[in-house]
Amino acid sequence: MSAPEGRKFTKTHEWVAIDGDVATFGLTDHAQGELGDITYLELLEVGDSVSAGEPFGVVESVKAASDVYSPIDGEVIEINGAAVDGPEVINASPYDDAWLVKVRIADPAQLEALMDTAAYDEYEANQ
Amino acid sequence: MAVEPLIFELSKPGRRGVRFPQSEVPAVEPPAEMQRDSLAWPEVSEIDVIRHFTRMSQKNHAIDIAMYPLGSCTMKYNPKINEAVSRLPGFANLHPLQPADTVQGALELMYELQEILAEIAGFHAVTLQPAAGAHGELTGCLIIRAYHEERGDTARTKMLIPDSAHGTNPATAVMAGFDIVSIPSDDRGNADVEALKGLLGPDIAGLMITNPNTLGLWDEHIHEIIELVHGCGGLVYNDGANFNAILGIARPGDLGVDVMHYNLHKTFSTPHGGGGPGSGPVGVREGLEDYLPAPRVAKDGDVYVWADPPKTVGRLHSFNGNFGMFVRAYTYIRMHGAEGLRLISEDAVLAANYLMARLEDRFDVQFPRSCMHEFVVNGTRQKKQGVKTLDIAKRLLDFGVHPPTTYFPLIVPEALMIEPTETESKESLDYFADVMLQIADEAESNPEIVTSAPHNTEYKRLDEVGANRNPNQRWLPEHAAD
């Protein structure tokens, strides 16, 4: 299925939605499909800083434990506690209910390096 | 069949299996604060215990029942002579605090095992202390750190780790205080030398490489890689978990490796998995022996003594390591001799290549070149037919075969990591290959039979997700107040 319009994407299958100077991160549908049933989610805390390419959390499925990587630099201003308590929401609703963290964007120019929806759909189709 | 109850659930008040004879020592009343009314222990008869554990053992898979081709784990047969020797009263009844002059035979065995392991892998000295592979890795990382620190070379904070290394390597290096730098694999499954070159510098403490790697492949540039790491002042750690592929053929010490651990519970046939404990001795090249954990067994004239290396990283295990495993590994090595050890690896490599050749038309081998003791299949072709690697693993259970390792290494999608070991006959290998080919047929013609497997086992597919999300790991007695 096509990824939602208006968002940016990483090669490691995270999505970013931008609202002013706040970015929201999550995992793509492809990522949740590859991981399988997710059983555990751990996220950084509010106030922590994130850097592009560095982990902002860990997801565990029956298959594996994987880091989830921050697309850009910034500071965590909110985390999705409901997703931490019930990580199966990542499987059920990766693009909506399962947003993971909100981050104050440090450098908007970093968003330029990410893929748009069309580019990500093509990238994902070749995975 | 009914779910086997816990032994606590079989308990009936007052039931017992053993009555002790009257003691000749007068009874002493413990102080009141040390007494309690109940111990929530199961009260069961002898036959309750025997039946419970016999039934439990029948629900288990073991190498003594059928093939166990669990990649990277080297689930080889554990010869029964190992058990017989390790149960000799002179070994089994020792106390770890006995004075050295009363345990000279045990110390001689440990000393000889240190020397033999050093000889097999081309090292100068060996410690037997570490209790398993990752513990050996930690020992090695601490030695590498101590080596740099002693030289005042404290800027070396980074450990290079190829993405085909064992999964424990990054965790171990972090635990030893290093930052991890990952090296990608090239298109033949080697560590990417060009990527490595770009990462070398005065901040590199060393490289942790698994060779043969977790793809079951010998790194074709191992000489160059070791030279490059040494050239920038780093040390090279080899994860010896895959040593079963090269016994008597290649010696990591001769290649320039500085530190390596051995898995006695893989390569040297001591029990692996639930039958452990494990044992992960570490070998070092000349010049690093002074950092080894203390104490080691040394020889003073004709007498075996405990000795502390002068710059030791300290003690890594209570007492002296898992001694019972030393007896088993020593027995295994002496039963095979030098030529036998080489045959072990030749047969292990031959068995893996034979299986790969039988399967490669129907399963996509990730890197189709001669493998070592194991190989990795990419299950993407079957996934497109609607059958995931997990389904293949479950279907194998219907044929009495333990599945290979699944979903590892992480760099191979839908990975199946197959390691038959040297102890399987051609008939046994053919049975496994025939079953795999049948499953490949089923994935095309009748995927439902695979995705709903297992069908012939005592339990159907277990709810692994439920078990992870709602773990219930502890039985609580209703009457336990604390």
# chains A, B, ... in the order shown; residues from 1 in each chain; ligands from 1
call {"tool": "interface_residues", "arguments": {"of": "chain B", "to": "chain A", "cutoff": "8 Å", "atoms": "only C-alpha atoms", "output": "PyMOL selection string"}}
result
chain B and resi 407+464-465+468-469
call {"tool": "residues_around", "arguments": {"residues": "A:Met115", "least_positions_apart": "2", "cutoff": "12 Å", "atoms": "only C-alpha atoms", "output": "JSON list (two decimals) with N, CA and C atoms, in the first residue's frame"}}
result
[["chain", "number", "residue", "atom", "x", "y", "z"],
["A", 3, "ALA", "N", 2.38, 4.79, 0.94],
["A", 3, "ALA", "CA", 2.54, 5.55, 2.18],
["A", 3, "ALA", "C", 1.73, 6.84, 2.08],
["A", 5, "GLU", "N", 0.47, 10.68, 1.92],
["A", 5, "GLU", "CA", 1.04, 11.88, 1.31],
["A", 5, "GLU", "C", 1.41, 12.90, 2.38],
["A", 6, "GLY", "N", 2.31, 13.80, 2.01],
["A", 6, "GLY", "CA", 2.63, 14.93, 2.89],
["A", 6, "GLY", "C", 3.61, 14.61, 3.98],
["A", 7, "ARG", "N", 4.19, 13.41, 3.96],
["A", 7, "ARG", "CA", 5.18, 13.07, 4.98],
["A", 7, "ARG", "C", 6.54, 12.81, 4.34],
["A", 8, "LYS", "N", 7.55, 12.71, 5.18],
["A", 8, "LYS", "CA", 8.90, 12.37, 4.73],
["A", 8, "LYS", "C", 9.28, 10.99, 5.29],
["A", 9, "PHE", "N", 10.25, 10.35, 4.64],
["A", 9, "PHE", "CA", 10.57, 8.98, 5.01],
["A", 9, "PHE", "C", 12.08, 8.74, 4.99],
["A", 10, "THR", "N", 12.52, 7.79, 5.83],
["A", 10, "THR", "CA", 13.93, 7.40, 5.88],
["A", 10, "THR", "C", 14.12, 6.06, 5.19],
["A", 11, "LYS", "N", 15.40, 5.77, 4.89],
["A", 11, "LYS", "CA", 15.72, 4.46, 4.32],
["A", 11, "LYS", "C", 15.55, 3.35, 5.35],
["A", 12, "THR", "N", 15.54, 3.72, 6.63],
["A", 12, "THR", "CA", 15.34, 2.71, 7.68],
["A", 12, "THR", "C", 13.86, 2.60, 8.07],
["A", 13, "HIS", "N", 12.98, 3.16, 7.22],
["A", 13, "HIS", "CA", 11.53, 2.94, 7.33],
["A", 13, "HIS", "C", 10.87, 3.64, 8.52],
["A", 14, "GLU", "N", 11.35, 4.85, 8.82],
["A", 14, "GLU", "CA", 10.61, 5.71, 9.73],
["A", 14, "GLU", "C", 9.90, 6.78, 8.90],
["A", 15, "TRP", "N", 8.76, 7.27, 9.40],
["A", 15, "TRP", "CA", 8.12, 8.40, 8.75],
["A", 15, "TRP", "C", 8.19, 9.64, 9.64],
["A", 16, "VAL", "N", 8.08, 10.81, 9.01],
["A", 16, "VAL", "CA", 8.10, 12.09, 9.71],
["A", 16, "VAL", "C", 6.94, 12.93, 9.20],
["A", 71, "PRO", "N", 15.12, 10.57, 12.19],
["A", 71, "PRO", "CA", 15.42, 11.11, 10.86],
["A", 71, "PRO", "C", 16.21, 12.42, 10.91],
["A", 110, "GLN", "N", 17.61, 19.62, 7.37],
["A", 110, "GLN", "CA", 17.82, 18.16, 7.36],
["A", 110, "GLN", "C", 16.65, 17.42, 6.71],
["A", 111, "LEU", "N", 15.46, 18.05, 6.73],
["A", 111, "LEU", "CA", 14.28, 17.39, 6.16],
["A", 111, "LEU", "C", 14.43, 17.22, 4.65],
["A", 112, "GLU", "N", 15.25, 18.07, 4.04],
["A", 112, "GLU", "CA", 15.42, 18.01, 2.58],
["A", 112, "GLU", "C", 16.04, 16.69, 2.15],
["A", 113, "ALA", "N", 16.84, 16.10, 3.03],
["A", 113, "ALA", "CA", 17.55, 14.87, 2.65],
["A", 113, "ALA", "C", 16.64, 13.64, 2.67],
["A", 117, "THR", "N", 6.83, 10.91, -0.46],
["A", 117, "THR", "CA", 6.01, 9.70, -0.52],
["A", 117, "THR", "C", 6.28, 8.88, -1.78],
["A", 118, "ALA", "N", 6.36, 9.55, -2.91],
["A", 118, "ALA", "CA", 6.58, 8.82, -4.17],
["A", 118, "ALA", "C", 7.94, 8.12, -4.15],
["A", 119, "ALA", "N", 8.95, 8.83, -3.65],
["A", 119, "ALA", "CA", 10.29, 8.23, -3.61],
["A", 119, "ALA", "C", 10.31, 7.05, -2.66],
["A", 120, "TYR", "N", 9.62, 7.17, -1.52],
["A", 120, "TYR", "CA", 9.62, 6.07, -0.56],
["A", 120, "TYR", "C", 8.87, 4.86, -1.11],
["A", 121, "ASP", "N", 7.73, 5.11, -1.78],
["A", 121, "ASP", "CA", 6.98, 3.98, -2.35],
["A", 121, "ASP", "C", 7.85, 3.19, -3.32],
["A", 122, "GLU", "N", 8.63, 3.92, -4.12],
["A", 122, "GLU", "CA", 9.50, 3.24, -5.07],
["A", 122, "GLU", "C", 10.61, 2.47, -4.34],
["A", 123, "TYR", "N", 11.17, 3.14, -3.31],
["A", 123, "TYR", "CA", 12.24, 2.51, -2.52],
["A", 123, "TYR", "C", 11.73, 1.23, -1.85],
["A", 124, "GLU", "N", 10.53, 1.33, -1.28],
["A", 124, "GLU", "CA", 9.98, 0.21, -0.54],
["A", 124, "GLU", "C", 9.65, -0.96, -1.48]]
call {"tool": "closest_residue", "arguments": {"among": "A:Leu44, A:Ala125, A:Val68, A:Ala83", "to": "A:His30", "atoms": "only C-alpha atoms"}}
result
A:Ala125
call {"tool": "select_by_dssp", "arguments": {"residues": "stretch 67-113 of chain A", "states": "strand (DSSP E)", "output": "list in words"}}
result
Asp67, Val68, Tyr69, Gly74, Glu75, Val76, Ile77, Glu78, Ile79, Val101, Lys102, Val103, Arg104 and Ile105 of chain A
call {"tool": "residues_around", "arguments": {"residues": "stretch 339-354 of chain B", "least_positions_apart": "2", "cutoff": "7 Å", "atoms": "only C-alpha atoms", "output": "PyMOL selection string"}}
result
chain B and resi 244-249+336-337+356-358+370-375+419-422
call {"tool": "write_last_selection", "arguments": {"atoms": "C-alpha atoms", "output": "PDB file, in the first residue's frame"}}
result
ATOM      1  CA  ASN B 244      34.085 -25.885  14.237  1.00  0.00           C
ATOM      2  CA  ALA B 245      34.774 -25.086  10.572  1.00  0.00           C
ATOM      3  CA  ILE B 246      38.560 -24.813  10.769  1.00  0.00           C
ATOM      4  CA  LEU B 247      39.940 -27.210  13.405  1.00  0.00           C
ATOM      5  CA  GLY B 248      43.300 -28.501  12.275  1.00  0.00           C
ATOM      6  CA  ILE B 249      43.010 -26.492   9.049  1.00  0.00           C
ATOM      7  CA  HIS B 336      39.849 -37.498  18.532  1.00  0.00           C
ATOM      8  CA  GLY B 337      43.503 -36.533  18.443  1.00  0.00           C
ATOM      9  CA  MET B 356      23.462 -26.319   0.293  1.00  0.00           C
ATOM     10  CA  ALA B 357      23.935 -28.088  -3.040  1.00  0.00           C
ATOM     11  CA  ARG B 358      20.785 -30.144  -2.524  1.00  0.00           C
ATOM     12  CA  SER B 370      31.318 -22.458  -1.041  1.00  0.00           C
ATOM     13  CA  CYS B 371      30.282 -22.231   2.556  1.00  0.00           C
ATOM     14  CA  MET B 372      32.056 -23.302   5.698  1.00  0.00           C
ATOM     15  CA  HIS B 373      30.142 -25.223   8.394  1.00  0.00           C
ATOM     16  CA  GLU B 374      26.792 -23.477   7.791  1.00  0.00           C
ATOM     17  CA  PHE B 375      24.927 -21.461   5.163  1.00  0.00           C
ATOM     18  CA  GLU B 419      24.271 -25.939  10.334  1.00  0.00           C
ATOM     19  CA  PRO B 420      24.100 -29.734  10.124  1.00  0.00           C
ATOM     20  CA  THR B 421      27.400 -30.410  11.990  1.00  0.00           C
ATOM     21  CA  GLU B 422      29.748 -33.307  11.288  1.00  0.00           C
TER      22      GLU B 422
END
call {"tool": "select_by_dssp", "arguments": {"residues": "chain A", "states": "helix (DSSP H, G or I)", "output": "ChimeraX atom specification"}}
result
/A:29-35,81-85,89-92,108-113,117-125
call {"tool": "closest_residue", "arguments": {"among": "B:Ile411, B:Val435, B:Leu207, B:Cys141", "to": "B:Ile226", "atoms": "only C-alpha atoms"}}
result
B:Leu207
call {"tool": "residues_around", "arguments": {"residues": "A:Asp19", "least_positions_apart": "4", "cutoff": "10 Å", "atoms": "only C-alpha atoms", "output": "count of residues only"}}
result
4
call {"tool": "atom_distance", "arguments": {"atom1": "atom CA of A:Gly74", "atom2": "atom CA of A:Val22"}}
result
9.1 Å
call {"tool": "residues_around", "arguments": {"residues": "stretch 305-320 of chain B", "least_positions_apart": "4", "cutoff": "9 Å", "atoms": "only C-alpha atoms", "output": "PDB file with N, CA and C atoms, in the first residue's frame"}}
result
ATOM      1  N   PRO B  96      35.641 -26.838  45.166  1.00  0.00           N
ATOM      2  CA  PRO B  96      36.475 -25.812  44.511  1.00  0.00           C
ATOM      3  C   PRO B  96      37.458 -25.109  45.452  1.00  0.00           C
ATOM      4  N   LEU B  97      37.255 -25.230  46.748  1.00  0.00           N
ATOM      5  CA  LEU B  97      38.179 -24.575  47.680  1.00  0.00           C
ATOM      6  C   LEU B  97      39.238 -25.535  48.211  1.00  0.00           C
ATOM      7  N   ALA B 100      45.449 -26.756  46.504  1.00  0.00           N
ATOM      8  CA  ALA B 100      45.964 -27.208  45.208  1.00  0.00           C
ATOM      9  C   ALA B 100      46.686 -28.542  45.324  1.00  0.00           C
ATOM     10  N   ASP B 101      47.358 -28.797  46.457  1.00  0.00           N
ATOM     11  CA  ASP B 101      48.125 -30.036  46.524  1.00  0.00           C
ATOM     12  C   ASP B 101      47.242 -31.261  46.658  1.00  0.00           C
ATOM     13  N   GLN B 104      45.819 -32.182  42.334  1.00  0.00           N
ATOM     14  CA  GLN B 104      46.829 -32.073  41.279  1.00  0.00           C
ATOM     15  C   GLN B 104      46.332 -32.655  39.950  1.00  0.00           C
ATOM     16  N   LEU B 107      44.055 -30.115  38.312  1.00  0.00           N
ATOM     17  CA  LEU B 107      44.842 -28.976  37.810  1.00  0.00           C
ATOM     18  C   LEU B 107      45.651 -29.377  36.575  1.00  0.00           C
ATOM     19  N   LEU B 128      40.709 -20.424  31.195  1.00  0.00           N
ATOM     20  CA  LEU B 128      39.521 -21.274  31.120  1.00  0.00           C
ATOM     21  C   LEU B 128      38.328 -20.664  31.864  1.00  0.00           C
ATOM     22  N   GLN B 129      38.516 -19.486  32.464  1.00  0.00           N
ATOM     23  CA  GLN B 129      37.481 -18.965  33.367  1.00  0.00           C
ATOM     24  C   GLN B 129      36.125 -18.659  32.742  1.00  0.00           C
ATOM     25  N   PRO B 130      36.059 -17.985  31.605  1.00  0.00           N
ATOM     26  CA  PRO B 130      34.746 -17.500  31.150  1.00  0.00           C
ATOM     27  C   PRO B 130      33.716 -18.622  31.007  1.00  0.00           C
ATOM     28  N   ALA B 131      32.468 -18.294  31.329  1.00  0.00           N
ATOM     29  CA  ALA B 131      31.433 -19.320  31.450  1.00  0.00           C
ATOM     30  C   ALA B 131      30.677 -19.568  30.159  1.00  0.00           C
ATOM     31  N   HIS B 135      30.692 -14.231  27.530  1.00  0.00           N
ATOM     32  CA  HIS B 135      31.555 -13.970  28.678  1.00  0.00           C
ATOM     33  C   HIS B 135      33.022 -13.963  28.235  1.00  0.00           C
ATOM     34  N   THR B 139      35.700 -10.881  28.388  1.00  0.00           N
ATOM     35  CA  THR B 139      37.073 -11.051  28.851  1.00  0.00           C
ATOM     36  C   THR B 139      38.047 -10.482  27.823  1.00  0.00           C
ATOM     37  N   LEU B 142      37.950  -6.691  27.713  1.00  0.00           N
ATOM     38  CA  LEU B 142      38.622  -6.100  28.875  1.00  0.00           C
ATOM     39  C   LEU B 142      40.141  -6.182  28.711  1.00  0.00           C
ATOM     40  N   ILE B 143      40.611  -7.257  28.103  1.00  0.00           N
ATOM     41  CA  ILE B 143      42.050  -7.391  27.848  1.00  0.00           C
ATOM     42  C   ILE B 143      42.504  -6.331  26.842  1.00  0.00           C
ATOM     43  N   ALA B 146      42.575  -3.051  28.619  1.00  0.00           N
ATOM     44  CA  ALA B 146      43.713  -2.955  29.556  1.00  0.00           C
ATOM     45  C   ALA B 146      45.024  -2.742  28.795  1.00  0.00           C
ATOM     46  N   GLU B 289      49.492 -12.217  27.530  1.00  0.00           N
ATOM     47  CA  GLU B 289      49.211 -13.214  28.563  1.00  0.00           C
ATOM     48  C   GLU B 289      49.160 -12.610  29.965  1.00  0.00           C
ATOM     49  N   ASP B 290      49.867 -11.490  30.153  1.00  0.00           N
ATOM     50  CA  ASP B 290      49.893 -10.894  31.493  1.00  0.00           C
ATOM     51  C   ASP B 290      48.555 -10.271  31.890  1.00  0.00           C
ATOM     52  N   TYR B 291      47.654 -10.079  30.911  1.00  0.00           N
ATOM     53  CA  TYR B 291      46.361  -9.448  31.219  1.00  0.00           C
ATOM     54  C   TYR B 291      45.266 -10.473  31.517  1.00  0.00           C
ATOM     55  N   LEU B 292      45.547 -11.738  31.303  1.00  0.00           N
ATOM     56  CA  LEU B 292      44.501 -12.764  31.442  1.00  0.00           C
ATOM     57  C   LEU B 292      43.886 -12.755  32.844  1.00  0.00           C
ATOM     58  N   PRO B 293      42.646 -13.219  32.950  1.00  0.00           N
ATOM     59  CA  PRO B 293      41.998 -13.272  34.262  1.00  0.00           C
ATOM     60  C   PRO B 293      42.812 -14.106  35.253  1.00  0.00           C
ATOM     61  N   ALA B 294      42.667 -13.773  36.511  1.00  0.00           N
ATOM     62  CA  ALA B 294      43.359 -14.494  37.578  1.00  0.00           C
ATOM     63  C   ALA B 294      42.336 -15.338  38.339  1.00  0.00           C
ATOM     64  N   PRO B 295      42.745 -16.485  38.867  1.00  0.00           N
ATOM     65  CA  PRO B 295      44.048 -17.117  38.643  1.00  0.00           C
ATOM     66  C   PRO B 295      44.006 -18.074  37.465  1.00  0.00           C
ATOM     67  N   ARG B 296      45.209 -18.434  36.972  1.00  0.00           N
ATOM     68  CA  ARG B 296      45.343 -19.477  35.960  1.00  0.00           C
ATOM     69  C   ARG B 296      46.125 -20.629  36.567  1.00  0.00           C
ATOM     70  N   VAL B 297      46.006 -21.791  35.941  1.00  0.00           N
ATOM     71  CA  VAL B 297      46.826 -22.915  36.374  1.00  0.00           C
ATOM     72  C   VAL B 297      48.195 -22.788  35.708  1.00  0.00           C
ATOM     73  N   ALA B 298      49.245 -22.858  36.521  1.00  0.00           N
ATOM     74  CA  ALA B 298      50.612 -22.804  35.999  1.00  0.00           C
ATOM     75  C   ALA B 298      51.356 -24.035  36.493  1.00  0.00           C
ATOM     76  N   LYS B 299      52.506 -24.274  35.898  1.00  0.00           N
ATOM     77  CA  LYS B 299      53.312 -25.429  36.278  1.00  0.00           C
ATOM     78  C   LYS B 299      54.604 -24.920  36.906  1.00  0.00           C
ATOM     79  N   ASP B 300      54.866 -25.422  38.120  1.00  0.00           N
ATOM     80  CA  ASP B 300      56.088 -25.030  38.834  1.00  0.00           C
ATOM     81  C   ASP B 300      56.875 -26.317  39.046  1.00  0.00           C
TER      82      ASP B 300
END
call {"tool": "residues_around", "arguments": {"residues": "A:Tyr69", "least_positions_apart": "2", "cutoff": "7 Å", "atoms": "only C-alpha atoms", "output": "ChimeraX atom specification"}}
result
/A:53-56,67,71
call {"tool": "write_last_selection", "arguments": {"atoms": "N, CA and C atoms", "output": "mmCIF file, in the first residue's frame"}}
result
data_model
loop_
_atom_site.group_PDB
_atom_site.id
_atom_site.type_symbol
_atom_site.label_atom_id
_atom_site.label_comp_id
_atom_site.auth_asym_id
_atom_site.auth_seq_id
_atom_site.Cartn_x
_atom_site.Cartn_y
_atom_site.Cartn_z
ATOM 1 N N GLY A 53 19.958 9.737 12.422
ATOM 2 C CA GLY A 53 20.655 8.463 12.265
ATOM 3 C C GLY A 53 20.920 7.736 13.562
ATOM 4 N N GLU A 54 20.623 8.379 14.690
ATOM 5 C CA GLU A 54 20.844 7.740 15.997
ATOM 6 C C GLU A 54 19.502 7.201 16.519
ATOM 7 N N PRO A 55 19.524 6.152 17.359
ATOM 8 C CA PRO A 55 18.270 5.573 17.834
ATOM 9 C C PRO A 55 17.479 6.524 18.736
ATOM 10 N N PHE A 56 16.146 6.534 18.558
ATOM 11 C CA PHE A 56 15.294 7.217 19.537
ATOM 12 C C PHE A 56 14.411 6.226 20.285
ATOM 13 N N ASP A 67 16.507 -1.184 16.736
ATOM 14 C CA ASP A 67 16.489 0.242 17.026
ATOM 15 C C ASP A 67 15.589 0.946 16.015
ATOM 16 N N PRO A 71 15.118 10.570 12.191
ATOM 17 C CA PRO A 71 15.418 11.106 10.862
ATOM 18 C C PRO A 71 16.209 12.419 10.908
#
call {"tool": "residues_around", "arguments": {"residues": "A:Ala82", "least_positions_apart": "6", "cutoff": "10 Å", "atoms": "only C-alpha atoms", "output": "list of chain:residue names"}}
result
A:Val89, A:Asp97, A:Ala98, A:Trp99, A:Leu100
